[in-house]
Amino acid sequence: MNAPGEGPILEAPILEARGLTRRFGGLVAVDDFSFTVREGAIHGLIGPNGAGKTTTFNVISGFYAPTAGQVLYRGRDISGRKTSALAAMGLVRTFQGSTLFQEFTVLDNVRVGRHLSAGAGFVSRLLGADRASERAADARARENLAFFGLQDLADEPVSNLPHGHQRMLGMAVALAAEPSVLLLDEPFTGMNPEETRRMMDLVRRIRDRGVTVMLVEHDMQAVMNLCDIITVMNFGALLVEGAPDDVRNDPAVIEAYLGAATDNGAGHAA
Amino acid sequence: MPEPAGAANPENSVWRIAGRLKLVFLFAALAVLPYLLSYSQQEIAVLLVVNVLLVCSYRLMTLTGEWSLGHVVIMGVGAYASALLSKRLGMPVPVSMLAGGIVAAGTSAILSFPLFRMKGFYFLIGSFAAGEIIRLIWKRFTDPFGGPKGLKRIDAFPDIDTGFLSIDFYEPVNYYFLALVVVSASLFVLYRIERSRIGLTFHAIHWQDRLAESVGVDTFRYRTLAFVIASFFAGIAGGLYGHYVGAVNPTRFGVDQMVYVLVWAIVGGTATFHGPILGVVVLTVINEIVLRGLGLDTVRPLIYGAILILSVLYLPDGLESVGPRLRAWVQRRRAGPAAAGGGAA
Ligand SMILES: Nc1ncnc2c1ncn2[C@@H]1O[C@H](COP(=O)(O)OP(=O)(O)OP(=O)(O)O)[C@@H](O)[C@H]1O
Ligand SMILES: [Mg+2]
């Protein structure tokens, strides 16, 4: 963990990709990509649209098996393991866009998030003997909501929530799983500047609780302000890695984003 | 979602008492019912009670979002297993019924390995194929399954004779009460499962399996769990059926029977626990009273098809949505004049 006020002390690698490759048919979405995330860091992963960021998250979190290469978590090879098993090891991701249990209440969403810590046997659930552990899970779920200022919305159906709140709820669900490493895919998308500022603050607080954060984000100002280290990828491969100030001024990065901007007619680079 | 499993709704004691009272009335009515029926109607009532368990167990499986076409075959697995275990091994019928449920559950546990590699439409087709394979096995292996003719003279449920009280389960009334007890107990278990965190997890997998998986839910395990529980109770329903009718054969568990289960579930609605019960009860009543009365029971599949289409078009949320809709309508009617009247308090 890091001592408060001294900035992050970058520790041993907690997450590592080695020569990670993922093909879809002829398309190489992630191409021999390597990086290292240190424990206690807020690590940015950026790149133009279609660079392979979400695919990288999908491979790390076990949704896709890598075509080649390895993912190491605390030094152990975890490539190809089940998503749920990885979550149990402390590796939890959020989704690009609002992926929630839309038909549930806000609280029930977070209660599902507490799946791993609210264990009880089949028979005790049948007999209602899980009441104590469920009550504890409930209380913790409400704490998770309160962390994001959503406690008053606990009994609302998710579909009533504005977009910004849905994004926060997505993080609350992930945090309820008590991760050691949290992978955030575009957490600030669709948020207004005020919400973004609040979310950045929350991400820092999550890190200060001892959670390592890796995040994909197109809001460059947010990324530059928040991250200790930034990995830039382009066409599935590593382009540059470094501190925010180095990355910001790197000609290759500017070139990649400008290239993408002229290709798309509009870029995300701020 | 009308019944958020284990939802955080306040436990209002007045409503709970009202709910309990309703249940008491329901059971009182169910206890009186067979005495109002003719002999042949009593026989139908027995099968109806068995079908309630069949369709309710089916609904538990659908909570995870997967619809199977093999459920009736799984019921058959329970029926065959219980019949054979009592006939060949001399197992007492109550025990063989339980064992039939366990064999059905075990069968689906094995089937879940190939089947849950698939989702949605592919799962549907896969479950159909698996069911047909099981039916082929029954047809092909005359020993012990009796081939296309199936098993006959299945042991009856043993009479209870305690001297002053003797119950002969050959009588439909008595078997009706037996089935009622077994099915009520089973429904209670199914209800408890759905209201527990297990039910919440099933629903979660249905709505967003990727999100559920990402917070540590082993979706394969939970889909299997739903399948196995549903199959256990389908197997129990099969045992109740087999030992009552006294004969089972592969045709009885064919795809047309599966279609009936689907129609009951869809017409009743699967969002609530009672939806499928409504479906099977209403359609059975229509079937037995209206169709039989009009002499139309030969065109039953046609009429069922028409009912299915009509209900999908005009009642997409099923019969279970009729009550709440009526209530909302009455409330609006009541609120309407009051709001328009304004003024007096
Ligand atoms: N399941 C899939 N099947 C086929 N192609 C895919 C699949 N997933 C991603 N791709 C392709 O892989 C490439 C990388 O996509 P990815 O979603 O990882 O990009 P990204 O960096 O997250 O982009 P964005 O910033 O727009 O979210 C794209 O060309 C995409 O079309
Ligand atoms: Mg993406």
# chains A, B, ... in the order shown; residues from 1 in each chain; ligands from 1

call {"tool": "closest_atom_pairs", "arguments": {"of": "chain B", "to": "chain A", "cutoff": "6 Å", "atoms": "only C-alpha atoms", "output": "Markdown table"}}
result
| residue | atom | partner | partner_atom | distance |
| --- | --- | --- | --- | --- |
| B:Met1 | CA | A:Glu103 | CA | 5.8 |
| B:Arg192 | CA | A:Leu126 | CA | 5.7 |
| B:Ile193 | CA | A:Leu126 | CA | 5.9 |
| B:Trp207 | CA | A:Phe101 | CA | 5.9 |
| B:Glu213 | CA | A:Ser84 | CA | 5.0 |
| B:Ser214 | CA | A:Thr83 | CA | 5.8 |
| B:Val215 | CA | A:Gly113 | CA | 5.5 |
| B:Gly216 | CA | A:Ser84 | CA | 3.9 |
| B:Val217 | CA | A:Ser84 | CA | 5.5 |
| B:Asp218 | CA | A:Ser84 | CA | 5.3 |

call {"tool": "residues_near_ligand", "arguments": {"ligand": "ligand 2", "cutoff": "10 Å", "atoms": "only C-alpha atoms and all ligand atoms", "output": "JSON, numbers by chain"}}
result
{"A": [46, 47, 48, 49, 50, 51, 52, 53, 54, 55, 56, 57, 58, 95, 96, 97, 185, 186, 216, 217, 218]}

call {"tool": "residues_around", "arguments": {"residues": "Leu239 (chain A)", "least_positions_apart": "3", "cutoff": "10 Å", "atoms": "only C-alpha atoms", "output": "short mmCIF file (atom, residue, chain, number, x, y, z; two decimals) with N, CA, C and O atoms, in the first residue's frame"}}
result
data_model
loop_
_atom_site.label_atom_id
_atom_site.label_comp_id
_atom_site.auth_asym_id
_atom_site.auth_seq_id
_atom_site.Cartn_x
_atom_site.Cartn_y
_atom_site.Cartn_z
N PHE A 33 1.23 -8.05 -27.20
CA PHE A 33 1.13 -6.90 -26.32
C PHE A 33 1.63 -7.27 -24.94
O PHE A 33 1.20 -8.26 -24.36
N ILE A 46 -4.67 3.55 -22.91
CA ILE A 46 -5.36 4.38 -23.89
C ILE A 46 -4.95 3.99 -25.31
O ILE A 46 -4.00 3.22 -25.52
N GLY A 47 -5.68 4.54 -26.25
CA GLY A 47 -5.41 4.26 -27.66
C GLY A 47 -6.63 4.64 -28.47
O GLY A 47 -7.73 4.74 -27.92
N THR A 231 -0.19 3.33 -20.48
CA THR A 231 0.23 2.50 -21.60
C THR A 231 -0.62 2.90 -22.80
O THR A 231 -1.84 2.96 -22.70
N VAL A 232 0.05 3.19 -23.91
CA VAL A 232 -0.68 3.56 -25.12
C VAL A 232 -0.59 2.42 -26.10
O VAL A 232 0.49 1.90 -26.37
N MET A 233 -1.73 1.99 -26.60
CA MET A 233 -1.71 0.93 -27.61
C MET A 233 -2.32 1.43 -28.90
O MET A 233 -3.16 2.34 -28.92
N ASN A 234 -1.85 0.84 -29.99
CA ASN A 234 -2.37 1.19 -31.31
C ASN A 234 -2.31 -0.06 -32.17
O ASN A 234 -1.33 -0.80 -32.14
N PHE A 235 -3.36 -0.32 -32.92
CA PHE A 235 -3.44 -1.53 -33.75
C PHE A 235 -3.09 -2.78 -32.96
O PHE A 235 -2.38 -3.66 -33.42
N GLY A 236 -3.55 -2.82 -31.71
CA GLY A 236 -3.37 -4.03 -30.91
C GLY A 236 -2.01 -4.16 -30.24
O GLY A 236 -1.82 -5.07 -29.45
N ALA A 252 4.85 9.97 -31.24
CA ALA A 252 4.17 8.77 -31.76
C ALA A 252 2.71 8.75 -31.31
O ALA A 252 1.82 8.35 -32.06
N VAL A 253 2.47 9.19 -30.06
CA VAL A 253 1.10 9.20 -29.54
C VAL A 253 0.27 10.23 -30.29
O VAL A 253 -0.86 9.96 -30.72
N ALA A 256 -0.55 8.96 -33.63
CA ALA A 256 -1.58 7.91 -33.62
C ALA A 256 -2.97 8.52 -33.48
O ALA A 256 -3.90 8.16 -34.19
#

call {"tool": "residues_around", "arguments": {"residues": "region 175-184 of chain B", "least_positions_apart": "6", "cutoff": "10 Å", "atoms": "only C-alpha atoms", "output": "tab-separated table (two decimals) with N, CA, C and O atoms, in the first residue's frame"}}
result
chain	number	residue	atom	x	y	z
B	27	PHE	N	-56.20	-23.96	0.34
B	27	PHE	CA	-56.10	-25.38	0.69
B	27	PHE	C	-57.45	-25.95	1.10
B	27	PHE	O	-57.75	-27.10	0.80
B	30	LEU	N	-59.13	-26.67	-2.06
B	30	LEU	CA	-58.54	-27.85	-2.71
B	30	LEU	C	-58.95	-29.14	-2.00
B	30	LEU	O	-59.04	-30.19	-2.63
B	31	ALA	N	-59.20	-29.04	-0.70
B	31	ALA	CA	-59.61	-30.23	0.05
B	31	ALA	C	-61.06	-30.60	-0.26
B	31	ALA	O	-61.41	-31.78	-0.29
B	34	PRO	N	-62.36	-32.36	-4.67
B	34	PRO	CA	-62.61	-33.67	-5.30
B	34	PRO	C	-64.02	-34.19	-5.02
B	34	PRO	O	-64.56	-34.97	-5.81
B	42	GLN	N	-62.26	-36.55	-11.16
B	42	GLN	CA	-61.26	-36.74	-10.10
B	42	GLN	C	-59.95	-37.24	-10.69
B	42	GLN	O	-58.87	-36.82	-10.30
B	43	GLU	N	-60.08	-38.14	-11.65
B	43	GLU	CA	-58.86	-38.65	-12.30
B	43	GLU	C	-58.10	-37.52	-12.98
B	43	GLU	O	-56.88	-37.44	-12.95
B	44	ILE	N	-58.87	-36.65	-13.62
B	44	ILE	CA	-58.24	-35.50	-14.29
B	44	ILE	C	-57.60	-34.58	-13.26
B	44	ILE	O	-56.50	-34.05	-13.48
B	45	ALA	N	-58.25	-34.42	-12.11
B	45	ALA	CA	-57.69	-33.56	-11.06
B	45	ALA	C	-56.34	-34.09	-10.59
B	45	ALA	O	-55.42	-33.32	-10.32
B	46	VAL	N	-56.20	-35.41	-10.51
B	46	VAL	CA	-54.91	-35.99	-10.11
B	46	VAL	C	-53.83	-35.59	-11.11
B	46	VAL	O	-52.76	-35.10	-10.75
B	47	LEU	N	-54.14	-35.78	-12.39
B	47	LEU	CA	-53.15	-35.46	-13.42
B	47	LEU	C	-52.85	-33.96	-13.43
B	47	LEU	O	-51.72	-33.54	-13.65
B	48	LEU	N	-53.87	-33.15	-13.15
B	48	LEU	CA	-53.67	-31.70	-13.10
B	48	LEU	C	-52.67	-31.34	-12.00
B	48	LEU	O	-51.76	-30.54	-12.21
B	49	VAL	N	-52.83	-31.96	-10.84
B	49	VAL	CA	-51.92	-31.67	-9.73
B	49	VAL	C	-50.48	-32.05	-10.12
B	49	VAL	O	-49.53	-31.31	-9.87
B	50	VAL	N	-50.35	-33.21	-10.78
B	50	VAL	CA	-49.02	-33.64	-11.23
B	50	VAL	C	-48.46	-32.64	-12.24
B	50	VAL	O	-47.29	-32.26	-12.19
B	51	ASN	N	-49.33	-32.17	-13.15
B	51	ASN	CA	-48.87	-31.23	-14.17
B	51	ASN	C	-48.48	-29.87	-13.58
B	51	ASN	O	-47.64	-29.17	-14.13
B	52	VAL	N	-49.12	-29.51	-12.46
B	52	VAL	CA	-48.72	-28.27	-11.78
B	52	VAL	C	-47.26	-28.36	-11.37
B	52	VAL	O	-46.47	-27.44	-11.58
B	53	LEU	N	-46.87	-29.52	-10.81
B	53	LEU	CA	-45.47	-29.68	-10.41
B	53	LEU	C	-44.56	-29.67	-11.64
B	53	LEU	O	-43.48	-29.08	-11.63
B	54	LEU	N	-45.03	-30.30	-12.70
B	54	LEU	CA	-44.23	-30.35	-13.92
B	54	LEU	C	-43.94	-28.94	-14.45
B	54	LEU	O	-42.79	-28.58	-14.74
B	56	CYS	N	-44.29	-26.02	-12.86
B	56	CYS	CA	-43.59	-25.15	-11.90
B	56	CYS	C	-42.10	-25.48	-11.85
B	56	CYS	O	-41.26	-24.59	-11.72
B	157	PHE	N	-49.10	-47.30	-5.63
B	157	PHE	CA	-48.67	-46.76	-4.33
B	157	PHE	C	-49.29	-47.63	-3.24
B	157	PHE	O	-50.48	-47.93	-3.28
B	167	ILE	N	-56.28	-46.41	3.75
B	167	ILE	CA	-56.39	-45.57	2.56
B	167	ILE	C	-55.95	-46.39	1.36
B	167	ILE	O	-54.83	-46.90	1.32
B	168	ASP	N	-56.83	-46.48	0.41
B	168	ASP	CA	-56.54	-47.22	-0.81
B	168	ASP	C	-56.23	-46.22	-1.90
B	168	ASP	O	-57.11	-45.47	-2.33
B	169	PHE	N	-54.96	-46.19	-2.36
B	169	PHE	CA	-54.57	-45.16	-3.31
B	169	PHE	C	-54.99	-45.47	-4.74
B	169	PHE	O	-54.65	-44.75	-5.67
B	190	LEU	N	-39.50	-25.19	-4.05
B	190	LEU	CA	-39.19	-24.38	-5.23
B	190	LEU	C	-39.33	-22.89	-4.92
B	190	LEU	O	-38.51	-22.06	-5.34
B	233	PHE	N	-37.58	-32.34	-9.58
B	233	PHE	CA	-39.02	-32.25	-9.34
B	233	PHE	C	-39.83	-32.76	-10.53
B	233	PHE	O	-40.92	-33.30	-10.35
B	236	ILE	N	-39.95	-36.38	-9.87
B	236	ILE	CA	-40.96	-36.68	-8.85
B	236	ILE	C	-42.35	-36.69	-9.50
B	236	ILE	O	-43.17	-37.59	-9.26
B	237	ALA	N	-42.60	-35.68	-10.35
B	237	ALA	CA	-43.89	-35.63	-11.06
B	237	ALA	C	-44.06	-36.89	-11.90
B	237	ALA	O	-45.16	-37.47	-11.96
B	240	LEU	N	-45.03	-39.78	-9.62
B	240	LEU	CA	-46.45	-39.65	-9.25
B	240	LEU	C	-47.34	-40.10	-10.40
B	240	LEU	O	-48.34	-40.78	-10.19
B	241	TYR	N	-46.95	-39.72	-11.61
B	241	TYR	CA	-47.74	-40.08	-12.78
B	241	TYR	C	-47.73	-41.59	-13.02
B	241	TYR	O	-48.77	-42.23	-13.14
B	243	HIS	N	-46.96	-44.25	-11.17
B	243	HIS	CA	-47.57	-45.15	-10.20
B	243	HIS	C	-49.07	-44.94	-10.09
B	243	HIS	O	-49.77	-45.75	-9.50
B	244	TYR	N	-49.54	-43.85	-10.65
B	244	TYR	CA	-50.99	-43.64	-10.67
B	244	TYR	C	-51.61	-44.32	-11.90
B	244	TYR	O	-52.54	-45.12	-11.79
